[in-house]
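Trainee: coords-v8.tsv is reproduced in full below (TSV, C-alpha atoms).
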```tsv
chain	number	residue	atom	x	y	z
A	1	HIS	CA	40.99	64.70	5.67
A	2	TRP	CA	42.68	66.76	8.39
A	3	ASN	CA	46.44	66.94	8.63
A	4	VAL	CA	46.97	66.46	12.36
A	5	THR	CA	50.56	66.84	13.56
A	6	GLY	CA	52.18	65.15	16.54
A	7	VAL	CA	49.86	62.13	16.79
A	8	GLU	CA	52.56	59.49	16.25
A	9	ASP	CA	54.77	60.78	19.06
A	10	ILE	CA	51.80	60.99	21.42
A	11	TYR	CA	50.58	57.49	20.55
A	12	GLN	CA	53.97	56.06	21.49
A	13	SER	CA	53.99	57.85	24.84
A	14	ALA	CA	53.56	55.77	28.01
A	15	LEU	CA	51.14	58.15	29.66
A	16	ILE	CA	49.63	61.56	28.98
A	17	LYS	CA	48.45	63.44	32.07
A	18	THR	CA	47.21	66.73	30.63
A	19	PRO	CA	44.95	67.83	27.74
A	20	LEU	CA	46.73	67.97	24.38
A	21	THR	CA	46.67	70.58	21.66
A	22	PHE	CA	46.91	69.49	18.03
A	23	THR	CA	47.42	71.74	15.03
A	24	VAL	CA	44.70	71.22	12.42
A	25	GLY	CA	45.46	73.37	9.42
A	26	THR	CA	45.95	76.83	10.87
A	27	SER	CA	43.91	76.20	14.02
A	28	ASP	CA	44.75	74.60	17.35
A	29	VAL	CA	42.42	71.91	18.70
A	30	THR	CA	42.57	70.80	22.34
A	31	VAL	CA	41.74	67.15	23.00
A	32	GLU	CA	40.67	66.03	26.46
A	33	THR	CA	40.39	62.30	25.74
A	34	VAL	CA	43.70	60.55	25.20
A	35	PHE	CA	44.21	57.02	23.90
A	36	VAL	CA	47.38	55.50	25.27
A	37	GLN	CA	48.96	52.68	23.31
A	38	GLU	CA	49.61	49.99	25.90
A	39	ASP	CA	51.19	48.92	29.13
A	40	ASN	CA	52.65	45.42	29.44
A	41	SER	CA	49.25	43.72	29.24
A	42	PHE	CA	46.44	46.03	28.09
A	43	PHE	CA	45.38	48.67	25.66
A	44	TYR	CA	43.53	51.39	27.50
A	45	MET	CA	42.09	54.90	27.47
A	46	LEU	CA	42.68	57.63	30.01
A	47	LYS	CA	39.98	60.23	30.50
A	48	ASP	CA	39.22	62.48	33.48
A	49	ASN	CA	41.97	60.73	35.45
A	50	GLN	CA	40.23	57.36	35.06
A	51	VAL	CA	41.26	54.33	33.01
A	52	THR	CA	39.09	52.21	30.72
A	53	ILE	CA	40.50	48.89	29.50
A	54	THR	CA	40.00	48.72	25.72
A	55	GLY	CA	41.81	45.51	24.83
A	56	MET	CA	44.49	42.91	25.55
A	57	LYS	CA	48.02	43.00	24.21
A	58	ASP	CA	48.63	39.26	24.54
A	59	THR	CA	45.56	37.43	23.27
A	60	THR	CA	47.06	34.01	24.00
A	61	LEU	CA	46.58	34.32	27.77
A	62	THR	CA	43.96	32.01	29.30
A	63	GLU	CA	43.73	33.85	32.64
A	64	VAL	CA	43.67	37.61	33.16
A	65	VAL	CA	43.46	39.90	36.19
A	66	ILE	CA	42.24	43.44	35.57
A	67	PRO	CA	44.22	45.70	37.94
A	68	SER	CA	42.55	48.15	40.30
A	69	ASP	CA	44.73	50.99	39.00
A	70	MET	CA	47.30	51.82	36.34
A	71	PHE	CA	49.97	54.47	36.77
A	72	GLY	CA	48.14	55.69	39.87
A	73	TYR	CA	44.78	56.11	38.08
A	74	PRO	CA	41.80	53.89	38.95
A	75	VAL	CA	40.60	51.36	36.37
A	76	VAL	CA	36.84	52.03	36.33
A	77	ALA	CA	35.52	50.34	33.19
A	78	ILE	CA	35.89	47.52	30.69
A	79	GLY	CA	35.33	49.22	27.36
A	80	THR	CA	33.21	48.32	24.35
A	81	SER	CA	34.40	45.10	22.67
A	82	ALA	CA	37.51	45.03	24.88
A	83	PHE	CA	37.78	41.21	24.82
A	84	LYS	CA	35.43	40.56	21.90
A	85	ASP	CA	35.90	37.22	20.12
A	86	ASN	CA	38.79	36.14	22.34
A	87	THR	CA	38.29	32.38	22.12
A	88	VAL	CA	41.29	31.53	24.33
A	89	LEU	CA	40.40	33.38	27.54
A	90	GLU	CA	39.09	31.03	30.25
A	91	LYS	CA	39.14	33.04	33.46
A	92	ILE	CA	39.09	36.73	34.28
A	93	VAL	CA	39.18	38.53	37.61
A	94	ILE	CA	38.08	42.16	37.61
A	95	SER	CA	39.40	44.32	40.41
A	96	GLU	CA	37.42	46.44	42.81
A	97	ASN	CA	37.40	49.87	41.14
A	98	VAL	CA	35.53	48.76	38.01
A	99	THR	CA	31.92	49.98	37.92
A	100	SER	CA	30.98	49.47	34.27
A	101	ILE	CA	31.14	46.56	31.80
A	102	GLY	CA	30.77	47.94	28.29
A	103	ASN	CA	28.75	46.76	25.30
A	104	MET	CA	30.05	43.49	23.85
A	105	ALA	CA	32.95	43.53	26.34
A	106	PHE	CA	33.22	39.73	26.36
A	107	TYR	CA	31.17	38.98	23.24
A	108	GLY	CA	32.09	35.62	21.73
A	109	CYS	CA	34.52	34.59	24.48
A	110	SER	CA	33.53	30.99	23.90
A	111	SER	CA	36.14	29.48	26.24
A	112	LEU	CA	35.32	31.72	29.20
A	113	ILE	CA	34.43	29.52	32.17
A	114	SER	CA	34.82	31.86	35.12
A	115	ILE	CA	34.53	35.60	35.67
A	116	GLU	CA	34.60	37.46	38.96
A	117	LEU	CA	32.80	40.80	39.04
A	118	PRO	CA	33.59	43.26	41.85
A	119	LYS	CA	30.93	44.47	44.23
A	120	GLY	CA	30.98	47.99	42.78
A	121	VAL	CA	29.78	47.14	39.26
A	122	THR	CA	26.56	49.05	38.54
A	123	SER	CA	26.01	48.58	34.80
A	124	ILE	CA	26.45	45.79	32.25
A	125	GLY	CA	26.13	46.80	28.61
A	126	ASN	CA	24.36	45.28	25.62
A	127	SER	CA	25.60	41.80	24.60
A	128	ALA	CA	28.36	41.97	27.22
A	129	PHE	CA	28.57	38.18	27.53
A	130	TYR	CA	26.86	37.22	24.27
A	131	GLY	CA	27.98	33.78	23.08
A	132	CYS	CA	30.06	32.88	26.14
A	133	SER	CA	29.03	29.31	25.55
A	134	ASN	CA	31.19	27.72	28.27
A	135	LEU	CA	30.17	30.10	31.06
A	136	VAL	CA	28.43	27.87	33.60
A	137	SER	CA	27.72	30.42	36.33
A	138	ILE	CA	28.20	34.06	37.17
A	139	GLN	CA	27.45	35.94	40.36
A	140	LEU	CA	26.13	39.42	39.77
A	141	PRO	CA	26.96	41.83	42.61
A	142	THR	CA	24.10	43.51	44.44
A	143	SER	CA	25.33	46.87	43.14
A	144	VAL	CA	24.14	46.12	39.58
A	145	THR	CA	21.14	48.26	38.65
A	146	SER	CA	21.36	48.39	34.86
A	147	MET	CA	21.58	45.58	32.32
A	148	GLY	CA	21.34	46.03	28.57
A	149	SER	CA	19.79	43.74	25.98
A	150	SER	CA	21.20	40.32	24.97
A	151	VAL	CA	23.60	40.38	27.95
A	152	PHE	CA	23.71	36.58	28.33
A	153	CYS	CA	22.28	35.62	24.95
A	154	LYS	CA	23.53	32.20	23.75
A	155	CYS	CA	25.34	31.43	27.01
A	156	SER	CA	24.33	27.85	26.42
A	157	SER	CA	26.13	26.36	29.47
A	158	LEU	CA	24.63	28.78	31.99
A	159	THR	CA	22.48	26.75	34.40
A	160	SER	CA	21.25	29.31	36.93
A	161	ILE	CA	21.51	32.98	37.77
A	162	GLU	CA	20.24	35.30	40.47
A	163	LEU	CA	19.48	38.87	39.46
A	164	PRO	CA	20.24	41.64	42.00
A	165	GLU	CA	17.43	43.52	43.73
A	166	GLY	CA	18.31	46.77	41.97
A	167	VAL	CA	17.54	45.44	38.48
A	168	THR	CA	14.10	46.60	37.39
A	169	SER	CA	13.87	45.32	33.82
A	170	ILE	CA	15.01	42.38	31.71
A	171	GLY	CA	15.95	43.61	28.27
A	172	ASN	CA	15.28	42.10	24.87
A	173	SER	CA	16.93	38.68	24.35
A	174	THR	CA	18.80	38.90	27.68
A	175	PHE	CA	18.78	35.12	28.20
A	176	SER	CA	17.77	34.02	24.71
A	177	GLY	CA	19.39	30.73	23.75
A	178	CYS	CA	20.48	29.82	27.29
A	179	SER	CA	19.50	26.23	26.59
A	180	ASN	CA	20.77	24.82	29.91
A	181	LEU	CA	19.21	27.45	32.14
A	182	THR	CA	17.01	25.53	34.54
A	183	SER	CA	16.20	28.22	37.10
A	184	ILE	CA	16.28	31.96	37.52
A	185	GLU	CA	15.42	34.05	40.54
A	186	LEU	CA	13.78	37.34	39.63
A	187	PRO	CA	13.94	40.19	42.17
A	188	ILE	CA	10.78	41.86	43.42
A	189	GLY	CA	11.72	45.10	41.69
A	190	ILE	CA	11.34	43.73	38.17
A	191	THR	CA	8.59	45.58	36.30
A	192	SER	CA	9.13	44.60	32.66
A	193	ILE	CA	10.39	41.68	30.57
A	194	GLY	CA	11.49	42.42	27.03
A	195	ARG	CA	11.01	40.68	23.70
A	196	TYR	CA	12.56	37.21	23.43
A	197	ALA	CA	14.02	37.66	26.93
A	198	PHE	CA	13.95	33.92	27.64
A	199	SER	CA	13.35	32.53	24.17
A	200	SER	CA	14.81	29.08	23.48
A	201	CYS	CA	15.57	28.46	27.15
A	202	SER	CA	14.67	24.85	26.48
A	203	SER	CA	15.59	23.54	29.97
A	204	LEU	CA	13.62	26.13	31.93
A	205	THR	CA	10.79	24.30	33.71
A	206	SER	CA	9.06	26.97	35.77
A	207	VAL	CA	9.04	30.72	36.29
A	208	GLU	CA	7.59	32.76	39.12
A	209	LEU	CA	7.15	36.39	38.20
A	210	PRO	CA	7.20	38.97	41.00
A	211	GLU	CA	4.10	41.05	41.74
A	212	GLY	CA	5.63	44.22	40.35
A	213	VAL	CA	5.77	42.97	36.77
A	214	THR	CA	3.36	44.97	34.62
A	215	SER	CA	4.72	44.31	31.12
A	216	ILE	CA	5.74	41.15	29.28
A	217	GLU	CA	6.62	41.78	25.65
A	218	GLU	CA	6.10	39.48	22.67
A	219	ARG	CA	7.72	36.06	22.57
A	220	ALA	CA	9.40	36.58	25.93
A	221	PHE	CA	9.19	32.82	26.58
A	222	ASN	CA	9.17	31.64	22.97
A	223	SER	CA	10.36	28.02	22.43
A	224	CYS	CA	10.72	27.26	26.14
A	225	SER	CA	9.88	23.65	25.40
A	226	SER	CA	10.26	22.37	29.00
A	227	LEU	CA	8.28	25.14	30.64
A	228	THR	CA	5.35	23.54	32.43
A	229	SER	CA	4.21	26.36	34.68
A	230	ILE	CA	4.41	30.13	34.95
A	231	GLU	CA	2.74	32.24	37.59
A	232	LEU	CA	1.58	35.62	36.34
A	233	PRO	CA	1.11	38.55	38.71
A	234	GLU	CA	-2.22	40.39	38.86
A	235	GLY	CA	-0.81	43.53	37.29
A	236	VAL	CA	-0.02	41.94	33.92
```
Do you think you could lay out the structure here as structure tokens?

Mentor:
Amino acid sequence: HWNVTGVEDIYQSALIKTPLTFTVGTSDVTVETVFVQEDNSFFYMLKDNQVTITGMKDTTLTEVVIPSDMFGYPVVAIGTSAFKDNTVLEKIVISENVTSIGNMAFYGCSSLISIELPKGVTSIGNSAFYGCSNLVSIQLPTSVTSMGSSVFCKCSSLTSIELPEGVTSIGNSTFSGCSNLTSIELPIGITSIGRYAFSSCSSLTSVELPEGVTSIEERAFNSCSSLTSIELPEGV
């Protein structure tokens, strides 16, 4: 174990604007990434003059607005597991500077009904909305180009979703367990559909795959008990 001096004072600080030097044994170590304890509402991280939200201070709030900046620095990301297993949160509005939604950011937010994503979001991480069982609809901005696996897995109230044109693949288990999903519009740029992507989508009745799809992995439509028709492109 290293004996690092000065951490407690730094952790209590409101904001650190410059790289920090810690003493580790007889050597100095400079740290570029600084975790800041909290503002009035959020835990967060400051790196390269940009803020990532890492958690909520008050987990009893039902509605939350992510600010566009904090202390003059833009809020650009919702970090990994930032709101994980918050079963109280019902509505969240994410301001315009955010471009990235991290892995498991809203995992298990079972009361979440509404979320507004800004037009600049480009990536949504693995299991970002996994188990958001009360989420009925979500509008993905056209800027989204990357979606991880299991993003909407077990979002059992989700009825429809339109994927942006920039998305080229549907990852493993992306919509698995979306038992009320009746329709999905796939963009023409989709080339691959991962394992279990739509498994147990028991209300899905039909799927039209775009011509660019060349790969459909195993059990992609497993247990889609209401599926009566699917149109496969020539390239599959």

Trainee: Report as a CSV table (one decimal) with C-alpha atoms, in the coordinates of the input all protein, DNA and RNA residues lying within 8 Å of Gln139 (chain A), evaluated on all atoms listed in the file, omitting residues in the same chain fewer than 6 positions from it.

Mentor:
```
chain,number,residue,atom,x,y,z
A,116,GLU,CA,34.6,37.5,39.0
A,117,LEU,CA,32.8,40.8,39.0
A,161,ILE,CA,21.5,33.0,37.8
A,162,GLU,CA,20.2,35.3,40.5
```

Trainee: Kindly provide, as a list in words, the polymer residues lying within 7 Å of (42.7, 28.6, 29.3), counting all atoms listed in the file and using the coordinates exactly as they appear in the file.

Mentor: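 Within 7 Å of (42.7, 28.6, 29.3), the protein and nucleic acid residues are Thr62, Glu63, Val88, Leu89 and Glu90 of chain A.
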
Trainee: Need to verify the contact set: Ser225 (chain A), 10 Å, only C-alpha atoms, exclusion of same-chain residues closer than 4 positions in sequence. Can you return it as a list in words?

Mentor: Ser199, Ser200, Cys201, Ser202, Ser203, Leu204, Thr205 and Phe221 of chain A

Trainee: Mind giving me the straight-line distance from CA of Phe42 (chain A) to CA of Ile138 (chain A) in Å, one decimal?

Mentor: 23.6 Å

Trainee: Quick one: pull the distance between CA of Gly79 (chain A) and CA of Ile101 (chain A), Å, one decimal.

Mentor: 6.7 Å

Trainee: Hey, what's within 7 Å of Cys109 (chain A) if we count all atoms listed in the file and toss same-chain stuff fewer than 3 positions away? As JSON, numbers by chain, please?

Mentor: {"A": [84, 85, 86, 87, 89, 106, 112, 131, 132]}

Trainee: Store the residues of this selection in a file with C-alpha atoms, as a PDB file, keeping the file's coordinate frame.

Mentor:
```
ATOM      1  CA  LYS A  84      35.430  40.560  21.900  1.00  0.00           C
ATOM      2  CA  ASP A  85      35.900  37.220  20.120  1.00  0.00           C
ATOM      3  CA  ASN A  86      38.790  36.140  22.340  1.00  0.00           C
ATOM      4  CA  THR A  87      38.290  32.380  22.120  1.00  0.00           C
ATOM      5  CA  LEU A  89      40.400  33.380  27.540  1.00  0.00           C
ATOM      6  CA  PHE A 106      33.220  39.730  26.360  1.00  0.00           C
ATOM      7  CA  LEU A 112      35.320  31.720  29.200  1.00  0.00           C
ATOM      8  CA  GLY A 131      27.980  33.780  23.080  1.00  0.00           C
ATOM      9  CA  CYS A 132      30.060  32.880  26.140  1.00  0.00           C
TER      10      CYS A 132
END
```

Trainee: When distances are computed from only C-alpha atoms, which of A:Gly177, A:Thr191, A:Val236, A:Thr54 shows the smallest separation from Ser223 (chain A)?

Mentor: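 Comparing A:Gly177, A:Thr191, A:Val236, A:Thr54 against Ser223 (chain A), the winner is A:Gly177.
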
Trainee: Do you know which residues are at most 8 Å from Val151 (chain A) counting only C-alpha atoms, after dropping those on the same chain fewer than 4 positions away, and could you put them as a PyMOL selection string?

Mentor: chain A and resi 124-130+147+173-175

Trainee: Go ahead and write the selection's residues with C-alpha atoms as an mmCIF file, in the coordinates of the input.

Mentor:
```cif
data_model
loop_
_atom_site.group_PDB
_atom_site.id
_atom_site.type_symbol
_atom_site.label_atom_id
_atom_site.label_comp_id
_atom_site.auth_asym_id
_atom_site.auth_seq_id
_atom_site.Cartn_x
_atom_site.Cartn_y
_atom_site.Cartn_z
ATOM 1 C CA ILE A 124 26.450 45.790 32.250
ATOM 2 C CA GLY A 125 26.130 46.800 28.610
ATOM 3 C CA ASN A 126 24.360 45.280 25.620
ATOM 4 C CA SER A 127 25.600 41.800 24.600
ATOM 5 C CA ALA A 128 28.360 41.970 27.220
ATOM 6 C CA PHE A 129 28.570 38.180 27.530
ATOM 7 C CA TYR A 130 26.860 37.220 24.270
ATOM 8 C CA MET A 147 21.580 45.580 32.320
ATOM 9 C CA SER A 173 16.930 38.680 24.350
ATOM 10 C CA THR A 174 18.800 38.900 27.680
ATOM 11 C CA PHE A 175 18.780 35.120 28.200
#
```

Trainee: For the atom pair CA of Ser110 (chain A) and CA of Thr182 (chain A), what is the interatomic distance in Å to one decimal place?

Mentor: 20.4 Å

Trainee: Considering all atoms listed in the file, can you say which of A:Ser68, A:Ser176, A:Ser100, A:Asn49 comes closest to Asn222 (chain A)?

Mentor: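 Checking each candidate against Asn222 (chain A), we get A:Ser176 as the closest.
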
Trainee: Select, from A:Ile184, A:Ser179, A:Ser149, A:Gly55, the residue with the minimum atom-to-atom distance to Pro164 (chain A), counting all atoms listed in the file.

Mentor: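 Looking only at the distances to Pro164 (chain A), the closest residue turns out to be A:Ile184.
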
Trainee: Would you mind telling me which residue in A:Ser143, A:Asn103, A:Ser192, A:Asn97 lies nearest to Ser81 (chain A) when using only C-alpha atoms?

Mentor: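 Of all the options, A:Asn103 lies closest to Ser81 (chain A).
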